Every structure is written in C-alpha cells, then in structure tokens.
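Asker: If it helps, the file is called query19.txt and holds compact mmCIF, C-alpha atoms and all ligand atoms:
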# COMPACT_ATOMS: atom_id res chain seq x y z
CA MET A 1 138.00 -88.19 71.40
CA LEU A 2 141.36 -89.90 72.12
CA PRO A 3 143.98 -88.63 74.52
CA ASP A 4 147.14 -87.46 72.81
CA THR A 5 149.07 -90.71 72.53
CA THR A 6 150.51 -92.24 69.38
CA GLY A 7 152.54 -95.29 68.47
CA THR A 8 152.74 -98.42 70.52
CA ILE A 9 151.89 -98.59 74.19
CA VAL A 10 152.92 -101.69 76.08
CA MET A 11 151.30 -102.26 79.44
CA ASP A 12 151.46 -105.19 81.77
CA LEU A 13 148.05 -105.84 83.23
CA SER A 14 148.42 -109.59 83.63
CA GLN A 15 145.44 -110.98 85.38
CA GLU A 16 144.41 -114.42 86.43
CA VAL A 17 140.77 -115.32 86.77
CA THR A 18 139.46 -118.27 88.73
CA ILE A 19 135.87 -119.20 88.10
CA PRO A 20 133.31 -119.46 90.91
CA PRO A 21 131.98 -122.92 91.96
CA LYS A 22 128.56 -122.08 90.45
CA ILE A 23 128.54 -120.81 86.88
CA GLY A 24 125.81 -118.34 85.96
CA GLY A 25 123.60 -119.81 88.72
CA LEU A 26 124.10 -123.39 87.46
CA SER A 27 125.95 -126.19 89.19
CA LYS A 28 128.93 -127.83 87.48
CA ALA A 29 126.83 -130.95 86.79
CA GLU A 30 124.14 -128.87 85.10
CA VAL A 31 126.75 -127.11 82.96
CA GLU A 32 128.27 -130.47 81.99
CA ASP A 33 124.81 -131.80 81.01
CA ILE A 34 124.21 -128.80 78.76
CA ILE A 35 127.60 -129.15 77.09
CA THR A 36 127.13 -132.91 76.62
CA ALA A 37 123.70 -132.41 75.03
CA SER A 38 125.16 -129.77 72.72
CA ILE A 39 128.06 -132.03 71.70
CA GLU A 40 125.73 -134.98 71.10
CA ALA A 41 123.85 -132.85 68.60
CA GLY A 42 126.99 -133.39 66.45
CA VAL A 43 127.53 -130.12 64.64
CA PRO A 44 130.61 -129.69 62.41
CA GLN A 45 133.30 -127.58 64.13
CA ASP A 46 133.83 -125.27 61.17
CA GLY A 47 133.13 -121.73 62.38
CA THR A 48 130.10 -121.27 60.11
CA PRO A 49 126.85 -119.69 61.40
CA ALA A 50 125.49 -123.25 61.96
CA TYR A 51 128.45 -123.97 64.24
CA PHE A 52 127.89 -120.77 66.25
CA ASP A 53 124.12 -121.46 66.46
CA TRP A 54 125.09 -124.69 68.18
CA GLU A 55 127.77 -123.05 70.32
CA SER A 56 125.36 -120.34 71.45
CA LYS A 57 123.50 -122.90 73.59
CA HIS A 58 126.41 -123.32 76.00
CA TYR A 59 128.68 -120.38 75.11
CA ASN A 60 127.74 -118.29 78.08
CA ILE A 61 128.10 -120.97 80.70
CA THR A 62 131.43 -122.56 79.78
CA PRO A 63 133.94 -121.77 82.51
CA ASP A 64 136.44 -120.17 80.14
CA ASN A 65 133.84 -117.74 78.81
CA VAL A 66 132.59 -116.91 82.31
CA ALA A 67 136.17 -116.05 83.18
CA ARG A 68 136.72 -114.18 79.90
CA ALA A 69 133.70 -111.98 80.68
CA ALA A 70 135.44 -110.87 83.89
CA PHE A 71 138.77 -110.45 82.06
CA LEU A 72 137.19 -108.21 79.37
CA LYS A 73 135.34 -106.11 81.96
CA ASN A 74 138.61 -105.47 83.70
CA LEU A 75 140.53 -104.78 80.47
CA VAL A 76 137.98 -102.16 79.37
CA ARG A 77 137.58 -100.55 82.81
CA GLU A 78 141.37 -100.23 83.27
CA ASN A 79 141.83 -98.58 79.86
CA LEU A 80 138.87 -96.23 79.48
CA ASP A 81 141.05 -93.14 78.96
CA TRP A 82 143.26 -94.94 76.46
CA ILE A 83 140.17 -96.02 74.50
CA GLY A 84 138.90 -92.44 74.62
CA LEU A 85 135.88 -92.89 76.88
CA THR A 86 135.48 -90.38 79.65
CA ARG A 87 134.41 -91.64 83.05
CA ASP A 88 131.70 -89.06 83.61
CA ASN A 89 130.16 -88.91 80.13
CA ARG A 90 128.34 -92.00 78.92
CA SER A 91 127.35 -90.59 75.55
CA ALA A 92 129.03 -93.06 73.16
CA LYS A 93 127.09 -95.22 70.74
CA VAL A 94 128.88 -98.53 70.20
CA LEU A 95 128.76 -101.29 67.56
CA ASP A 96 129.92 -104.71 68.78
CA TYR A 97 130.58 -106.70 65.59
CA GLY A 98 130.56 -110.52 65.79
CA ALA A 99 129.28 -109.97 69.30
CA GLY A 100 128.31 -113.55 70.18
CA THR A 101 126.38 -113.50 73.45
CA GLY A 102 127.79 -110.07 74.28
CA LEU A 103 130.78 -110.58 76.56
CA LEU A 104 132.51 -107.48 75.19
CA SER A 105 129.23 -105.51 74.96
CA ARG A 106 128.71 -106.01 78.68
CA ALA A 107 132.24 -104.83 79.40
CA PHE A 108 131.46 -101.56 77.60
CA LEU A 109 127.85 -101.13 78.69
CA PRO A 110 128.47 -99.37 82.05
CA HIS A 111 130.59 -96.73 80.27
CA VAL A 112 128.44 -95.87 77.23
CA ARG A 113 124.91 -94.90 76.18
CA GLN A 114 124.07 -97.70 73.75
CA VAL A 115 125.60 -100.93 72.46
CA LEU A 116 124.16 -102.29 69.22
CA ALA A 117 125.43 -105.66 68.10
CA ILE A 118 125.56 -107.65 64.87
CA ASP A 119 126.19 -111.36 64.59
CA ASN A 120 125.58 -113.75 61.70
CA SER A 121 124.45 -116.58 64.00
CA CYS A 122 120.72 -116.41 64.89
CA GLY A 123 121.43 -118.49 68.01
CA MET A 124 123.99 -115.99 69.27
CA VAL A 125 121.60 -113.09 68.58
CA ASP A 126 118.81 -114.81 70.57
CA GLN A 127 121.11 -115.41 73.54
CA TYR A 128 122.45 -111.86 73.32
CA ASN A 129 118.97 -110.36 73.45
CA LYS A 130 117.93 -112.59 76.37
CA ILE A 131 120.97 -111.40 78.33
CA ALA A 132 120.31 -107.81 77.27
CA ALA A 133 116.78 -108.05 78.73
CA ALA A 134 118.22 -109.39 82.00
CA SER A 135 120.94 -106.72 82.20
CA LYS A 136 118.44 -103.83 82.11
CA GLN A 137 118.44 -103.73 85.91
CA GLU A 138 122.26 -103.91 86.08
CA SER A 139 122.79 -100.88 83.84
CA PRO A 140 119.64 -98.76 83.85
CA GLY A 141 119.54 -96.02 81.25
CA CYS A 142 121.73 -97.77 78.67
CA GLU A 143 120.54 -99.97 75.90
CA MET A 144 122.01 -103.15 74.46
CA ARG A 145 120.48 -105.15 71.59
CA ALA A 146 121.54 -107.34 68.70
CA VAL A 147 120.41 -108.01 65.15
CA HIS A 148 121.19 -110.88 62.85
CA GLY A 149 123.39 -109.72 60.01
CA ASP A 150 126.64 -110.04 58.16
CA LEU A 151 128.31 -106.94 56.80
CA ILE A 152 131.23 -109.04 55.55
CA ASP A 153 129.37 -112.15 54.33
CA ARG A 154 132.43 -114.27 53.74
CA TYR A 155 130.27 -117.33 53.00
CA ASP A 156 128.20 -115.40 50.47
CA LEU A 157 125.01 -116.47 52.21
CA ARG A 158 123.33 -113.19 51.34
CA LEU A 159 122.99 -112.32 55.00
CA ALA A 160 124.25 -108.79 54.55
CA LEU A 161 122.29 -106.58 56.91
CA ASP A 162 119.61 -104.88 54.89
CA SER A 163 119.25 -101.47 56.50
CA GLU A 164 115.67 -101.17 55.22
CA ILE A 165 114.54 -104.38 56.91
CA ALA A 166 116.70 -105.01 59.95
CA ASP A 167 117.42 -101.38 60.70
CA PRO A 168 114.29 -99.39 59.84
CA ASP A 169 115.33 -96.40 61.94
CA GLY A 170 118.86 -96.35 60.53
CA ASP A 171 120.34 -96.99 63.99
CA TYR A 172 123.22 -99.10 62.71
CA GLN A 173 125.16 -96.11 61.36
CA SER A 174 127.30 -93.31 62.79
CA PHE A 175 129.02 -95.15 65.63
CA ASP A 176 131.36 -93.41 68.04
CA LEU A 177 133.02 -96.71 68.81
CA VAL A 178 133.21 -100.04 66.94
CA VAL A 179 134.47 -102.96 69.01
CA MET A 180 135.28 -106.60 68.24
CA CYS A 181 136.56 -109.51 70.26
CA LEU A 182 137.64 -112.81 68.71
CA ALA A 183 135.67 -111.97 65.57
CA ILE A 184 138.43 -111.39 63.01
CA ASP A 185 139.65 -114.97 63.25
CA CYS A 186 136.10 -116.13 62.50
CA PHE A 187 135.44 -114.24 59.36
CA ILE A 188 138.96 -114.72 58.02
CA THR A 189 139.78 -118.32 58.84
CA ASP A 190 142.35 -119.52 56.36
CA ALA A 191 146.11 -119.52 56.83
CA PRO A 192 147.80 -116.11 56.70
CA SER A 193 148.35 -115.01 53.11
CA GLU A 194 148.21 -111.97 50.88
CA ASP A 195 144.54 -112.77 50.09
CA GLN A 196 143.68 -113.06 53.76
CA TYR A 197 145.32 -109.73 54.46
CA MET A 198 143.27 -108.12 51.68
CA GLU A 199 140.11 -109.65 53.22
CA LEU A 200 141.07 -108.16 56.57
CA ILE A 201 141.52 -104.71 55.00
CA ASN A 202 138.20 -105.06 53.21
CA ALA A 203 136.37 -106.10 56.41
CA LEU A 204 137.88 -103.27 58.45
CA ASP A 205 136.99 -100.78 55.76
CA ILE A 206 133.33 -101.90 55.87
CA LEU A 207 133.27 -101.34 59.64
CA VAL A 208 135.07 -98.00 59.45
CA ASP A 209 132.36 -96.87 57.03
CA ARG A 210 129.83 -97.17 59.87
CA MET A 211 131.81 -94.83 62.13
CA ASN A 212 131.57 -91.12 62.77
CA ASN A 213 134.61 -89.10 61.79
CA ASP A 214 136.68 -89.05 64.97
CA GLY A 215 135.20 -92.43 65.96
CA VAL A 216 137.38 -95.15 67.49
CA LEU A 217 137.81 -98.81 66.57
CA VAL A 218 138.86 -101.28 69.29
CA ILE A 219 139.93 -104.84 68.47
CA VAL A 220 140.63 -107.47 71.12
CA GLU A 221 142.24 -110.68 69.85
CA ILE A 222 144.55 -113.51 70.80
CA GLU A 223 148.12 -112.78 69.68
CA LYS A 224 149.59 -114.97 66.93
CA PHE A 225 153.00 -116.57 66.61
CA TYR A 226 153.21 -116.43 62.84
CA ALA A 227 154.02 -120.04 62.10
CA ASP A 228 154.05 -121.35 58.55
CA ALA A 229 150.87 -123.36 59.06
CA ASP A 230 148.92 -123.93 55.87
CA TYR A 231 145.59 -124.59 57.59
CA ALA A 232 143.39 -122.82 60.13
CA SER A 233 145.03 -124.15 63.28
CA GLU A 234 143.65 -123.40 66.75
CA ALA A 235 146.92 -124.51 68.38
CA LEU A 236 148.27 -122.29 71.16
CA LEU A 237 151.91 -121.81 72.12
CA ASP A 238 152.63 -119.71 75.20
CA GLY A 239 149.09 -118.29 74.84
CA ARG A 240 149.56 -117.32 71.18
CA LYS A 241 147.59 -118.84 68.31
CA GLU A 242 149.29 -120.38 65.31
CA THR A 243 147.21 -118.86 62.52
CA GLY A 244 145.16 -115.77 61.91
CA HIS A 245 145.92 -112.09 62.20
CA GLY A 246 148.05 -110.80 65.04
CA SER A 247 148.52 -107.26 66.33
CA ARG A 248 151.14 -106.58 63.64
CA GLU A 249 148.73 -107.32 60.74
CA VAL A 250 145.77 -105.64 62.40
CA MET A 251 147.72 -102.43 63.00
CA ALA A 252 149.11 -102.44 59.45
CA ALA A 253 145.62 -103.02 58.01
CA LEU A 254 144.16 -100.19 60.11
CA ASN A 255 146.80 -97.83 58.75
CA GLU A 256 145.96 -99.10 55.26
CA VAL A 257 142.28 -98.02 55.66
CA GLY A 258 143.34 -94.58 56.80
CA MET A 259 142.95 -94.91 60.58
CA GLU A 260 145.10 -92.70 62.79
CA ASP A 261 146.56 -92.77 66.32
CA THR A 262 146.92 -96.54 66.09
CA ALA A 263 148.19 -98.06 69.34
CA VAL A 264 148.30 -101.46 71.00
CA ILE A 265 148.23 -102.89 74.48
CA GLU A 266 150.08 -106.20 74.28
CA ASP A 267 150.61 -109.33 76.33
CA GLN A 268 147.40 -109.44 78.34
CA ASP A 269 147.58 -112.86 79.93
CA PHE A 270 144.27 -114.60 80.42
CA LYS A 271 144.60 -117.71 82.55
CA VAL A 272 141.79 -119.86 83.78
CA ASP A 273 141.80 -123.05 85.83
CA MET A 274 138.71 -125.15 85.56
CA GLU A 275 137.48 -128.60 86.36
CA LEU A 276 135.00 -130.13 83.96
CA PHE A 277 134.03 -133.75 83.33
CA GLY A 278 136.29 -134.77 86.21
CA GLN A 279 139.40 -133.28 84.63
CA ARG A 280 141.40 -130.23 85.61
CA ARG A 281 142.26 -128.00 82.69
CA SER A 282 144.19 -124.79 82.44
CA ARG A 283 143.78 -122.35 79.61
CA HIS A 284 146.25 -119.61 78.83
CA GLU A 285 145.66 -117.05 76.08
CA LYS A 286 147.68 -113.93 75.37
CA TYR A 287 145.50 -111.06 74.20
CA PHE A 288 146.23 -107.76 72.54
CA MET A 289 143.94 -104.75 72.31
CA VAL A 290 144.36 -102.37 69.38
CA ARG A 291 142.68 -99.00 69.10
CA ALA A 292 142.66 -96.56 66.20
CA LYS A 293 140.85 -93.36 65.37
CA LYS A 294 139.06 -92.47 62.16
CA GLY A 295 140.60 -89.35 60.67
CA GLU A 296 138.53 -86.17 60.46
CA GLU A 297 138.07 -86.57 56.72
CA GLY A 298 137.74 -90.37 56.62
CA LEU A 299 139.24 -92.09 53.59
CA GLU A 300 137.61 -92.28 50.17
CA TRP A 301 138.32 -95.53 48.31
C1 LIG B 401 134.49 -116.55 68.83
S1 LIG B 401 132.94 -115.76 68.78
C2 LIG B 401 133.29 -114.28 69.71
C3 LIG B 401 132.03 -113.71 70.27
C4 LIG B 401 132.23 -112.51 71.17
N1 LIG B 401 132.75 -111.37 70.47
C5 LIG B 401 133.09 -112.87 72.34
O1 LIG B 401 134.17 -112.30 72.52
O2 LIG B 401 132.68 -113.74 73.13
C6 LIG B 401 132.83 -115.09 67.13
C7 LIG B 401 131.46 -114.55 66.79
O3 LIG B 401 131.53 -113.90 65.53
C8 LIG B 401 130.37 -114.23 64.77
N2 LIG B 401 130.72 -114.08 63.36
C9 LIG B 401 131.60 -114.81 62.63
N3 LIG B 401 131.67 -114.33 61.37
C10 LIG B 401 130.83 -113.27 61.30
C11 LIG B 401 130.47 -112.35 60.28
N4 LIG B 401 130.98 -112.44 59.05
N5 LIG B 401 129.57 -111.39 60.56
C12 LIG B 401 129.03 -111.30 61.81
N6 LIG B 401 129.33 -112.13 62.81
C13 LIG B 401 130.22 -113.10 62.57
C14 LIG B 401 130.06 -115.66 65.21
O4 LIG B 401 128.72 -116.02 64.95
C15 LIG B 401 130.39 -115.62 66.67
O5 LIG B 401 129.29 -115.26 67.45
Just give me the structure of the file as structure tokens.
Answerer:
Amino acid sequence: MLPDTTGTIVMDLSQEVTIPPKIGGLSKAEVEDIITASIEAGVPQDGTPAYFDWESKHYNITPDNVARAAFLKNLVRENLDWIGLTRDNRSAKVLDYGAGTGLLSRAFLPHVRQVLAIDNSCGMVDQYNKIAAASKQESPGCEMRAVHGDLIDRYDLRLALDSEIADPDGDYQSFDLVVMCLAIDCFITDAPSEDQYMELINALDILVDRMNNDGVLVIVEIEKFYADADYASEALLDGRKETGHGSREVMAALNEVGMEDTAVIEDQDFKVDMELFGQRRSRHEKYFMVRAKKGEEGLEW
C-alpha cells in the first residue's frame, strides 16, 4: 500500500490559518455565549469522558478547532501518496480512534470509502454523528459514523467496545488505515515514564490488532520537548508540549509492536490568531505526523 520510502522524512509544509469572521455559521457573540454556558457548567478539566462530554458542546465551534480542521485537511491532502492513499481509488476503510467530533475523519473522508470512529465520550459521539449526517451531501458515496467505546479503557470504566452489542455486523475490524489525532495524550496522561511507554505500546498493539496485514497507522500529535515535568503539563514552548509522547517515543513504540516502514513528517506549524472575549490570542502548535505499515505477517505477542 505504501510507496517505497523508509526512515525519516522531514518536510516543511508550514501553514498559517486565519479563522473566518463567522464560525460554523455562528457569530462571535454566539460562540462566546456557548463557551460561557459550557464553562459555567463547571466540569473538572481532567481529560476524563465527563470532561470531553462537556467539551463536545463547544469543541467544533472554538476558533482554534475550526482552524485545526482546515490544517488537518491540508496536511492529509498534501501527503496522500506518503500515507499510501491513491488519488483515484477511494477504497480504504478507516478507523479514527479518539475521534472527537471528527476533525481528522473529515480530512480523510474525501479520499476513502468509509470512516468509522470510536470515542469514549458519548457527547463527542453524538456531535460526530450529527456532523456525519450533515456531511453526506459534501462527500456523497462515503460513509462516516461513530460509536461509543474504549478499546484501551485506561480508567477501567468497563467501556470496552463489545463487538456483539456495538458492532453487530463486525464492521469495526480489518481496517486498511487507523488514524488518530491528539488522542494519545488523552489516554496516556501522566508524565513520561517507563510505565507510560509500556501503556503506549499496549494501546498501539490493540489498534494494530484491528488492522489488515499491510494496513497503515497514521498518528498526528503535537511534538514534545521532553522536559523533566512530573505532572501532566499542557505548557507549550515554541509550539511543543512539555509532557506526553513525542515523535521519538511513538516511532520507537511502533517498531516495538512490529510495524514497518515507519516514517515521520516533522515540524508542521499550526498558527492561529483569534479574538475571543475581547482579547486577541495567538496559538502556535508544532505537529508531527507518523505513519507505519503493518507487516505482512503481523506480530504475535
Ligand atoms: C483532544 S480530543 C481529539 C479529538 C479529535 N481526534 C481531534 O483531533 O479533534 C481527544 C479525544 O479522545 C477521546 N478519548 C480519550 N481517551 C480515549 C479512549 N481511551 N478511548 C477512546 N477515546 C478516547 C476523547 O473523548 C476526545 O474526544
């Protein structure tokens, strides 16, 4: 499926995105009202499903996510060959894991046959499916839908997707492509450590299990600067985050689970200028995109 490239590829596709004056058909005042109402609901900012249920209400209309949707569309479109998708054959079946409202799903949708998503927040799944219904006209002939589930179940909430119940037709198997954006840092949230690295390997292995031999895994994340922080910091320095797994760990973990042809596109600058609540803010994040192919034989653990 992949073109014959190995090792590390470094490309400079820096792009700046400025958001339109109206966001998703809403005025700035309307967006601010929705965010204020969400904040007043007072949910703990802890990255649990309850937090993402709350975030789902305004996720799609915050200026940075509107801009990130455009950034991801561009990143995928510019790198279709590198990912292994051909321009004239939309036959791939894709799993978007930790899909949220589907920003990455919509970046892939025009280039594939089907995007199935899993998220462990019911709120995110509801929003995803509303957007999927609306996008039917945009991309006729391809399907996009989400189910509530947790293949990794870090909180041990017994949300693991039961294939008998949530997936009666067995659709959530045999993927040509598994994609993730900003998901790894959610299901592995503590400071970098040996345990965290083992959790990453375990999570990737679970996802690789759902792939066809020859399938491809694509991970889009914010780069890390490997500080010695002993807590889950969201701090950014020159667009890089202080804690979590960076391209180096992700690539090493992919090799560990037997993936091949691992390669990375580094230093994708995402910059957005926005004005909200009367204040101008700039956001700068540095993304990487890793891709790896499942070997013909797969790997038996
Ligand atoms: C930061 S959001 C990213 C959403 C989306 N991929 C995007 O780029 O906009 C992380 C998402 O991962 C989901 N998530 C976190 N842990 C998960 C898990 N163990 N299983 C499934 N989804 C999870 C959250 O509910 C949330 O929707």
Asker: Give the residues close to ligand LIG 401 (chain B), within 6 Å, counting only C-alpha atoms and all ligand atoms; write them as a list of chain:residue names.
Answerer: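 Result of the 6 Å neighbour search around ligand LIG 401 (chain B): A:Pro49, A:Phe52, A:Gly98, A:Ala99, A:Gly100, A:Gly102, A:Leu103, A:Leu104, A:Ile118, A:Asp119, A:Asn120, A:Ser121, A:Met124, A:Asp150, A:Leu151, A:Ile152, A:Asp153, A:Arg154, A:Met180, A:Cys181, A:Leu182, A:Ala183, A:Cys186, A:Phe187.
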Asker: What is the distance, in Å and to one decimal place, between atom CA of Val218 of chain A and atom CA of Ala292 of chain A?
Answerer: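 If I compute the distance from atom CA of Val218 of chain A to atom CA of Ala292 of chain A, I get 6.8 Å.
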Asker: Which residues come within 8 Å of Lys73 of chain A, counting only C-alpha atoms, excluding same-chain residues fewer than 2 positions away, as number ranges by chain?
Answerer: A: 69-71, 75-77, 104, 106-108
Asker: Could you dump the residues just selected with C-alpha atoms as a compact mmCIF listing (two decimals), in the coordinates of the input?
Answerer:
# COMPACT_ATOMS: atom_id res chain seq x y z
CA ALA A 69 133.70 -111.98 80.68
CA ALA A 70 135.44 -110.87 83.89
CA PHE A 71 138.77 -110.45 82.06
CA LEU A 75 140.53 -104.78 80.47
CA VAL A 76 137.98 -102.16 79.37
CA ARG A 77 137.58 -100.55 82.81
CA LEU A 104 132.51 -107.48 75.19
CA ARG A 106 128.71 -106.01 78.68
CA ALA A 107 132.24 -104.83 79.40
CA PHE A 108 131.46 -101.56 77.60
Asker: Which residues are near segment 274-290 of chain A? Cut-off 6 Å, all atoms listed in the file, ignore same chain within fewer than 5 positions. Put them as a tab-separated table (two decimals) with C-alpha atoms, keeping the file's coordinate frame.
Answerer:
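The resulting file, out.tsv, is shown below:
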chain	number	residue	atom	x	y	z
A	218	VAL	CA	138.86	-101.28	69.29
A	219	ILE	CA	139.93	-104.84	68.47
A	220	VAL	CA	140.63	-107.47	71.12
A	221	GLU	CA	142.24	-110.68	69.85
A	222	ILE	CA	144.55	-113.51	70.80
A	223	GLU	CA	148.12	-112.78	69.68
A	239	GLY	CA	149.09	-118.29	74.84
A	240	ARG	CA	149.56	-117.32	71.18
A	263	ALA	CA	148.19	-98.06	69.34
A	264	VAL	CA	148.30	-101.46	71.00
A	265	ILE	CA	148.23	-102.89	74.48
A	266	GLU	CA	150.08	-106.20	74.28
A	267	ASP	CA	150.61	-109.33	76.33
A	268	GLN	CA	147.40	-109.44	78.34
A	269	ASP	CA	147.58	-112.86	79.93
Asker: Have a look at A:Ala41, A:Leu95, A:Ile184, A:Ala235 and name the one nearest to Tyr172 of chain A; count all atoms listed in the file.
Answerer: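 Closest residue, counting all atoms listed in the file: A:Leu95.
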Asker: Counting all atoms listed in the file, which of A:Thr101, A:Ser233, A:Gln173, A:Asn202 gets nearest to Ile61 of chain A?
Answerer: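 Distance minimum relative to Ile61 of chain A lands on A:Thr101.
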Asker: Pick the closest to Asp205 of chain A from A:Pro63, A:Pro110, A:Gly141, A:Gly258: which is it, counting all atoms listed in the file?
Answerer: A:Gly258
Asker: For a quick check of understanding, using all atoms listed in the file, which of A:Asp195, A:Glu143, A:Asp261, A:Glu234 has the smallest distance to Arg90 of chain A?
Answerer: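 Residue with the minimum atom-to-atom distance to Arg90 of chain A: A:Glu143.
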Asker: Using Å and a single decimal, report how far atom CA of Leu80 of chain A sits from atom CA of Thr62 of chain A.
Answerer: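 Interatomic distance here is 27.4 Å.
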Asker: Closest to Ser91 of chain A among A:Thr36, A:Phe175, A:Glu249, A:Val272, using all atoms listed in the file?
Answerer: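 Looking at the shortest contact to Ser91 of chain A, the residue is A:Phe175.
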Asker: What does the distance between atom CA of Leu85 of chain A and atom CA of Val112 of chain A come to in Å, to one decimal place?
Answerer: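 Between these atoms lies a distance of 8.0 Å.
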